[in-house]
Amino acid sequence: MNKITYTGLVVAAMIFALAAFTGCKKDILKEDPSIDPSKVPTGVVTGDTSGITYDAATVTGSVLSEEQLLDWGICLYSGSDESRLKIYSAVKLDSSKREFKIAVTGLLDNTTYHYKSYAQNSNGVAYGETKSFTTVESVWEKQPDFVIVDGLFPSVFGTDVVPCYIETEKATIDGLVRYRFKNVYDVHNPDEWTEPYEDYEPVPDEDGIYNGLPTNYPGDFDDSRDWVMEIVINGDGSVSMAPYETGVDWSYGIISTGQIYPDMSSDIESYPLGSVNAEGTVITFPENSLYWSMAAYNSGGKYPCGTPTYIYTSKEVYLEATKKIDYNTLEYTLIRGEVSEFHSSAYDEKWEQTIGVAIDIEPEKPDSKYKDLYYLADLYASGYGLAFYRTAGSSELAVVSGRETGLKFRDKDILVSQSNSFESTVSVNSKGVSVYTFNLVYHYSDGTIIGEFTETFYYSEDAVAYDKADFLGNFRLTGPSAFGSDYPDADMSVTVVESETENEFYIFGIDYADSVVATFDASASTLSIAPQLLPDFVGDNTAFDMTLYTLTASGSVSDDDAMELTFNMSGDMVPTAESVGTGYLIRSELAGGWVDGYENIKFTPESTASASARKAKSANGKLSVKHDIVVAERTVTTEKCAKGNFADTGKKISHKTIKAQTNMRIR
């Protein structure tokens, strides 16, 4: 089995390196024979300790001399291992006051710590007497194995997010629950590995849970001692984690983690604590709650973890929280409406579509997976649908990713997932139509993307009708240039008003057109724009003749066929399905050719206020003649029904790469 490449490392290093919570001045105890002892600070006193708990204590000290100092505080280490020294600088609110009291946190229980005051000037460092204290012993009780879904390694290396069992102990002190986890990142079933390791594929148990981290090879984890992760469930439901070395070294020193707030940042909004659910069964460290660090990478710099970590208090809790729902067999209540259409850009088609809401079979559970769950049944094929969550009052939709569509492309099953580029949303237009916009990625099971499309579902409980007033007012006119991508698309603010003639409208604001005449058909709810002579356009003190022609869907120019416009389900005025004309062109013989034109035009309402007649000034101060008409070609490969507008676009990042690549890619 192969290691995973670093996906977040370079990006994280470019963003920022958070300051360490202690100044790791590990050379502060080194003796320097060149320093004159008489020139280092004097009067350094190590004080007493108070407030000793299982993980914290308050130590005191002072510097009696009044000479100029660079720094002063406490040196602390456990046992006899001075290489694990931690330095706590005193808070220097007033440099003349050199008595200090320092709260030391993140300690291990039932552990003896040695400490002494220090003071530093430009000549060197002097120390006070070495003293010691022992933290309170906790009574730890063995628990059934918890399950961790780790975010550390996926955040740094891009590994798969997988569940692993963790050996767990519990202690309760002063009403606070503490958990201690041993060797979280141990190798998965180390006795099963054989050389070459790259050829071995770790296999989880029948519930999909690993007995150790499956991306670790034997030798990656230091099994000479226990590596302990400790967390505390605080009284307010937040969860704290002490700094912790994992015991794993992937060629860049021991990998460490811990909580960012409050030791490394005071911004709890950006770097939140962990949390526990109401039942106390699921512990979550969200994105940017924890940091990662490697001892030999960027001098041990600490970087936020971009992937959450979840801890479940039992296998049963994990399975319940992550159980797979067969969305195709769930019982749904059908939501009926007069309008219920699905418009697919992936398949260049539209069809009537039903929508349903799942019946909540776990109503007593506040986090039931059946709440707010909606389903578009038989969407692309019978028995396969699109499931998504919609919370009341929210415009965001959470599409259930990795869903089979029931269709194939190039003899492979097509799956659909939420796009990472754009959100899926729902909105309600002025006519009460709910517009569901799904930004979806179509892909194979191995992650190969074959297409990314915006699919739209329209739902309305009542029939939608448009009257004359809807066609009047202010609109934003848009559409692709008829002269190719070298010319800008249309983006004009126009106004539609009534003339003195019944069912005759004027459109003001179209470039190079003083006004355009349109005809309203109340019986069909359409607005018709026919080819016509336009008022002269005055530019550079010259009056230019102007004629409007229609542009057809096939790209031909017509001086006879009209554009028939009506409202689509989104509430935009667009050419009807039967309209011959789908765009327009404006020509001036005096100017010598075409001066403007757009295809597939759309009028988007800007205001529902009634419009009054006005004469809009043209947006073009000068007249310029464009090249001969060149209608943009549509070259999308379409395979209807069973196959969509798909073309392989390549694989996503592979889940497995060679360990040597990991080492080479890091700079």
# chains A, B, ... in the order shown; residues from 1 in each chain; ligands from 1
$ residues_around --residues "Ile586 (chain A)" --least-positions-apart "6" --cutoff "9 Å" --atoms "only C-alpha atoms" --output "compact mmCIF listing (two decimals) with N, CA and C atoms, in the first residue's frame"
# COMPACT_ATOMS: atom_id res chain seq x y z
N TYR A 512 -28.00 51.34 -29.82
CA TYR A 512 -28.18 51.73 -31.21
C TYR A 512 -29.65 51.81 -31.63
N ALA A 513 -30.59 51.60 -30.68
CA ALA A 513 -32.01 51.66 -31.01
C ALA A 513 -32.66 52.72 -30.13
N MET A 546 -30.84 52.66 -39.19
CA MET A 546 -30.74 51.45 -38.39
C MET A 546 -31.91 50.53 -38.72
N THR A 547 -31.63 49.25 -38.90
CA THR A 547 -32.66 48.24 -39.14
C THR A 547 -32.42 47.06 -38.21
N LEU A 548 -33.48 46.59 -37.58
CA LEU A 548 -33.39 45.43 -36.69
C LEU A 548 -33.84 44.19 -37.44
N TYR A 549 -33.03 43.16 -37.42
CA TYR A 549 -33.35 41.85 -38.00
C TYR A 549 -33.40 40.83 -36.87
N THR A 550 -34.07 39.73 -37.11
CA THR A 550 -34.06 38.66 -36.11
C THR A 550 -33.00 37.62 -36.48
N GLY A 593 -22.49 48.14 -42.48
CA GLY A 593 -22.59 46.75 -42.03
C GLY A 593 -23.30 46.60 -40.70
N TRP A 594 -23.06 45.45 -40.08
CA TRP A 594 -23.69 45.13 -38.80
C TRP A 594 -23.02 45.96 -37.69
N VAL A 595 -23.83 46.50 -36.81
CA VAL A 595 -23.27 47.29 -35.71
C VAL A 595 -23.46 46.63 -34.35
N ASP A 596 -24.40 45.69 -34.26
CA ASP A 596 -24.62 45.03 -32.98
C ASP A 596 -25.51 43.82 -33.18
N GLY A 597 -25.52 42.92 -32.19
CA GLY A 597 -26.40 41.76 -32.27
C GLY A 597 -26.09 40.73 -31.20
$ closest_atom_pairs --of "region 506-544 of chain A" --to "region 471-490 of chain A" --cutoff "10 Å" --atoms "only C-alpha atoms" --output "CSV"
residue,atom,partner,partner_atom,distance
A:Tyr506,CA,A:Leu472,CA,9.5
A:Ile507,CA,A:Leu472,CA,9.3
A:Phe508,CA,A:Asn474,CA,9.6
A:Gly509,CA,A:Leu477,CA,9.3
A:Ile510,CA,A:Leu477,CA,8.2
A:Asp511,CA,A:Ala490,CA,9.3
A:Phe520,CA,A:Phe471,CA,8.5
A:Ser525,CA,A:Phe471,CA,8.9
A:Thr526,CA,A:Phe471,CA,8.6
A:Leu527,CA,A:Phe471,CA,7.6
$ residues_around --residues "Ile74 (chain A)" --least-positions-apart "5" --cutoff "8 Å" --atoms "only C-alpha atoms" --output "PyMOL selection string"
chain A and resi 59+61+87-90+102+115-118
$ closest_residue --among "A:Asn429, A:Thr60, A:Gln259, A:Ser579" --to "Tyr244 (chain A)" --atoms "only C-alpha atoms"
A:Gln259
$ closest_residue --among "A:Pro308, A:Gly43, A:Gly51, A:Pro202" --to "Glu66 (chain A)" --atoms "only C-alpha atoms"
A:Gly43
$ residues_around --residues "Ser78 (chain A)" --least-positions-apart "3" --cutoff "12 Å" --atoms "only C-alpha atoms" --output "MDAnalysis selection string"
chainID A and resid 75 81:86 107:115 131:135
$ decode --residues "region 176-298 of chain A" --atoms "C-alpha atoms" --output "PDB file, in the first residue's frame"
ATOM      1  CA  LEU A 176     -15.291  17.240  34.369  1.00  0.00           C
ATOM      2  CA  VAL A 177     -15.079  14.182  32.146  1.00  0.00           C
ATOM      3  CA  ARG A 178     -11.683  13.402  30.686  1.00  0.00           C
ATOM      4  CA  TYR A 179     -10.769  10.814  28.088  1.00  0.00           C
ATOM      5  CA  ARG A 180      -7.315   9.433  27.431  1.00  0.00           C
ATOM      6  CA  PHE A 181      -6.551   7.651  24.167  1.00  0.00           C
ATOM      7  CA  LYS A 182      -3.456   5.532  23.700  1.00  0.00           C
ATOM      8  CA  ASN A 183      -1.526   5.092  20.466  1.00  0.00           C
ATOM      9  CA  VAL A 184      -4.235   6.543  18.236  1.00  0.00           C
ATOM     10  CA  TYR A 185      -2.056   6.315  15.134  1.00  0.00           C
ATOM     11  CA  ASP A 186      -0.615   2.844  15.661  1.00  0.00           C
ATOM     12  CA  VAL A 187      -0.090   0.638  12.601  1.00  0.00           C
ATOM     13  CA  HIS A 188      -3.137  -1.360  11.532  1.00  0.00           C
ATOM     14  CA  ASN A 189      -2.667  -4.999  12.606  1.00  0.00           C
ATOM     15  CA  PRO A 190       1.165  -4.812  12.474  1.00  0.00           C
ATOM     16  CA  ASP A 191       1.624  -8.607  12.485  1.00  0.00           C
ATOM     17  CA  GLU A 192      -0.117  -8.879   9.124  1.00  0.00           C
ATOM     18  CA  TRP A 193       2.363  -6.718   7.188  1.00  0.00           C
ATOM     19  CA  THR A 194       4.899  -8.359   4.877  1.00  0.00           C
ATOM     20  CA  GLU A 195       7.505  -6.868   2.559  1.00  0.00           C
ATOM     21  CA  PRO A 196       7.109  -5.131   0.212  1.00  0.00           C
ATOM     22  CA  TYR A 197       4.682  -3.016   2.218  1.00  0.00           C
ATOM     23  CA  GLU A 198       3.374  -1.295  -0.914  1.00  0.00           C
ATOM     24  CA  ASP A 199       1.744  -4.575  -1.960  1.00  0.00           C
ATOM     25  CA  TYR A 200      -0.173  -5.060   1.295  1.00  0.00           C
ATOM     26  CA  GLU A 201      -3.735  -3.756   1.450  1.00  0.00           C
ATOM     27  CA  PRO A 202      -5.065  -3.375   5.031  1.00  0.00           C
ATOM     28  CA  VAL A 203      -8.587  -4.725   5.425  1.00  0.00           C
ATOM     29  CA  PRO A 204     -11.044  -3.326   8.005  1.00  0.00           C
ATOM     30  CA  ASP A 205     -13.417  -5.470  10.035  1.00  0.00           C
ATOM     31  CA  GLU A 206     -16.938  -6.321   8.939  1.00  0.00           C
ATOM     32  CA  ASP A 207     -18.110  -2.867  10.055  1.00  0.00           C
ATOM     33  CA  GLY A 208     -15.489  -1.064   7.985  1.00  0.00           C
ATOM     34  CA  ILE A 209     -13.377  -0.027  11.010  1.00  0.00           C
ATOM     35  CA  TYR A 210      -9.584  -0.400  11.124  1.00  0.00           C
ATOM     36  CA  ASN A 211      -7.517  -1.537  14.086  1.00  0.00           C
ATOM     37  CA  GLY A 212      -4.947   1.242  13.689  1.00  0.00           C
ATOM     38  CA  LEU A 213      -4.159   3.757  10.953  1.00  0.00           C
ATOM     39  CA  PRO A 214      -4.055   1.822   7.646  1.00  0.00           C
ATOM     40  CA  THR A 215      -1.777   4.366   5.927  1.00  0.00           C
ATOM     41  CA  ASN A 216       1.064   3.737   8.400  1.00  0.00           C
ATOM     42  CA  TYR A 217       3.725   1.174   7.531  1.00  0.00           C
ATOM     43  CA  PRO A 218       5.597  -0.765  10.223  1.00  0.00           C
ATOM     44  CA  GLY A 219       8.382   1.573  11.350  1.00  0.00           C
ATOM     45  CA  ASP A 220       6.361   4.731  10.812  1.00  0.00           C
ATOM     46  CA  PHE A 221       5.046   4.532  14.379  1.00  0.00           C
ATOM     47  CA  ASP A 222       7.316   4.484  17.447  1.00  0.00           C
ATOM     48  CA  ASP A 223       5.968   1.592  19.516  1.00  0.00           C
ATOM     49  CA  SER A 224       8.670   1.843  22.200  1.00  0.00           C
ATOM     50  CA  ARG A 225       6.306   3.849  24.429  1.00  0.00           C
ATOM     51  CA  ASP A 226       2.666   4.853  24.736  1.00  0.00           C
ATOM     52  CA  TRP A 227       1.620   8.053  22.960  1.00  0.00           C
ATOM     53  CA  VAL A 228      -1.303   9.580  24.783  1.00  0.00           C
ATOM     54  CA  MET A 229      -3.959  11.972  23.494  1.00  0.00           C
ATOM     55  CA  GLU A 230      -6.026  13.562  26.274  1.00  0.00           C
ATOM     56  CA  ILE A 231      -9.228  15.600  25.998  1.00  0.00           C
ATOM     57  CA  VAL A 232     -11.483  17.311  28.541  1.00  0.00           C
ATOM     58  CA  ILE A 233     -15.252  17.781  28.269  1.00  0.00           C
ATOM     59  CA  ASN A 234     -15.793  21.225  29.742  1.00  0.00           C
ATOM     60  CA  GLY A 235     -18.862  22.255  31.703  1.00  0.00           C
ATOM     61  CA  ASP A 236     -20.241  24.285  28.784  1.00  0.00           C
ATOM     62  CA  GLY A 237     -20.076  21.332  26.395  1.00  0.00           C
ATOM     63  CA  SER A 238     -16.904  22.488  24.681  1.00  0.00           C
ATOM     64  CA  VAL A 239     -13.994  20.071  24.345  1.00  0.00           C
ATOM     65  CA  SER A 240     -10.307  20.851  24.869  1.00  0.00           C
ATOM     66  CA  MET A 241      -7.293  18.871  23.692  1.00  0.00           C
ATOM     67  CA  ALA A 242      -3.807  19.219  25.122  1.00  0.00           C
ATOM     68  CA  PRO A 243      -0.797  19.345  22.749  1.00  0.00           C
ATOM     69  CA  TYR A 244       0.021  15.804  21.722  1.00  0.00           C
ATOM     70  CA  GLU A 245       2.790  13.995  19.828  1.00  0.00           C
ATOM     71  CA  THR A 246       1.343  11.191  17.711  1.00  0.00           C
ATOM     72  CA  GLY A 247       4.420   8.984  17.612  1.00  0.00           C
ATOM     73  CA  VAL A 248       4.329   8.967  13.798  1.00  0.00           C
ATOM     74  CA  ASP A 249       7.273  10.097  11.660  1.00  0.00           C
ATOM     75  CA  TRP A 250       6.883  10.183   7.880  1.00  0.00           C
ATOM     76  CA  SER A 251      10.450  11.396   7.315  1.00  0.00           C
ATOM     77  CA  TYR A 252       9.881  14.921   8.660  1.00  0.00           C
ATOM     78  CA  GLY A 253      10.049  14.323  12.378  1.00  0.00           C
ATOM     79  CA  ILE A 254       7.373  13.417  14.892  1.00  0.00           C
ATOM     80  CA  ILE A 255       3.922  14.607  13.808  1.00  0.00           C
ATOM     81  CA  SER A 256       2.085  16.553  16.504  1.00  0.00           C
ATOM     82  CA  THR A 257      -1.350  18.032  17.004  1.00  0.00           C
ATOM     83  CA  GLY A 258      -3.294  20.015  19.580  1.00  0.00           C
ATOM     84  CA  GLN A 259      -5.850  22.765  19.909  1.00  0.00           C
ATOM     85  CA  ILE A 260      -5.235  26.200  18.408  1.00  0.00           C
ATOM     86  CA  TYR A 261      -7.384  28.213  20.830  1.00  0.00           C
ATOM     87  CA  PRO A 262      -6.414  29.588  23.304  1.00  0.00           C
ATOM     88  CA  ASP A 263      -2.732  28.665  23.351  1.00  0.00           C
ATOM     89  CA  MET A 264      -1.915  29.759  19.803  1.00  0.00           C
ATOM     90  CA  SER A 265      -4.695  32.205  18.961  1.00  0.00           C
ATOM     91  CA  SER A 266      -7.299  34.227  20.857  1.00  0.00           C
ATOM     92  CA  ASP A 267      -9.703  34.157  17.874  1.00  0.00           C
ATOM     93  CA  ILE A 268     -12.175  31.487  18.945  1.00  0.00           C
ATOM     94  CA  GLU A 269     -14.491  32.284  16.034  1.00  0.00           C
ATOM     95  CA  SER A 270     -11.838  31.283  13.507  1.00  0.00           C
ATOM     96  CA  TYR A 271     -10.268  28.551  15.648  1.00  0.00           C
ATOM     97  CA  PRO A 272     -13.096  26.971  17.672  1.00  0.00           C
ATOM     98  CA  LEU A 273     -12.861  24.465  20.479  1.00  0.00           C
ATOM     99  CA  GLY A 274     -14.249  21.000  20.012  1.00  0.00           C
ATOM    100  CA  SER A 275     -17.825  20.139  20.969  1.00  0.00           C
ATOM    101  CA  VAL A 276     -19.845  17.176  22.202  1.00  0.00           C
ATOM    102  CA  ASN A 277     -23.421  16.347  21.267  1.00  0.00           C
ATOM    103  CA  ALA A 278     -26.275  16.427  23.777  1.00  0.00           C
ATOM    104  CA  GLU A 279     -26.013  12.685  24.422  1.00  0.00           C
ATOM    105  CA  GLY A 280     -22.274  12.922  25.058  1.00  0.00           C
ATOM    106  CA  THR A 281     -21.623  10.282  22.420  1.00  0.00           C
ATOM    107  CA  VAL A 282     -20.043  12.194  19.523  1.00  0.00           C
ATOM    108  CA  ILE A 283     -17.084  14.543  19.963  1.00  0.00           C
ATOM    109  CA  THR A 284     -16.271  16.874  17.074  1.00  0.00           C
ATOM    110  CA  PHE A 285     -13.168  18.948  16.436  1.00  0.00           C
ATOM    111  CA  PRO A 286     -14.250  21.074  13.462  1.00  0.00           C
ATOM    112  CA  GLU A 287     -12.155  22.531  10.681  1.00  0.00           C
ATOM    113  CA  ASN A 288      -9.421  24.841  12.040  1.00  0.00           C
ATOM    114  CA  SER A 289      -9.899  23.626  15.612  1.00  0.00           C
ATOM    115  CA  LEU A 290      -6.663  21.603  15.707  1.00  0.00           C
ATOM    116  CA  TYR A 291      -3.213  22.195  14.264  1.00  0.00           C
ATOM    117  CA  TRP A 292      -0.653  19.879  12.728  1.00  0.00           C
ATOM    118  CA  SER A 293       3.107  20.084  13.002  1.00  0.00           C
ATOM    119  CA  MET A 294       6.146  18.045  12.000  1.00  0.00           C
ATOM    120  CA  ALA A 295       9.306  18.478  14.054  1.00  0.00           C
ATOM    121  CA  ALA A 296      11.625  18.720  11.029  1.00  0.00           C
ATOM    122  CA  TYR A 297       9.334  20.699   8.741  1.00  0.00           C
ATOM    123  CA  ASN A 298       9.655  24.497   8.838  1.00  0.00           C
TER     124      ASN A 298
END
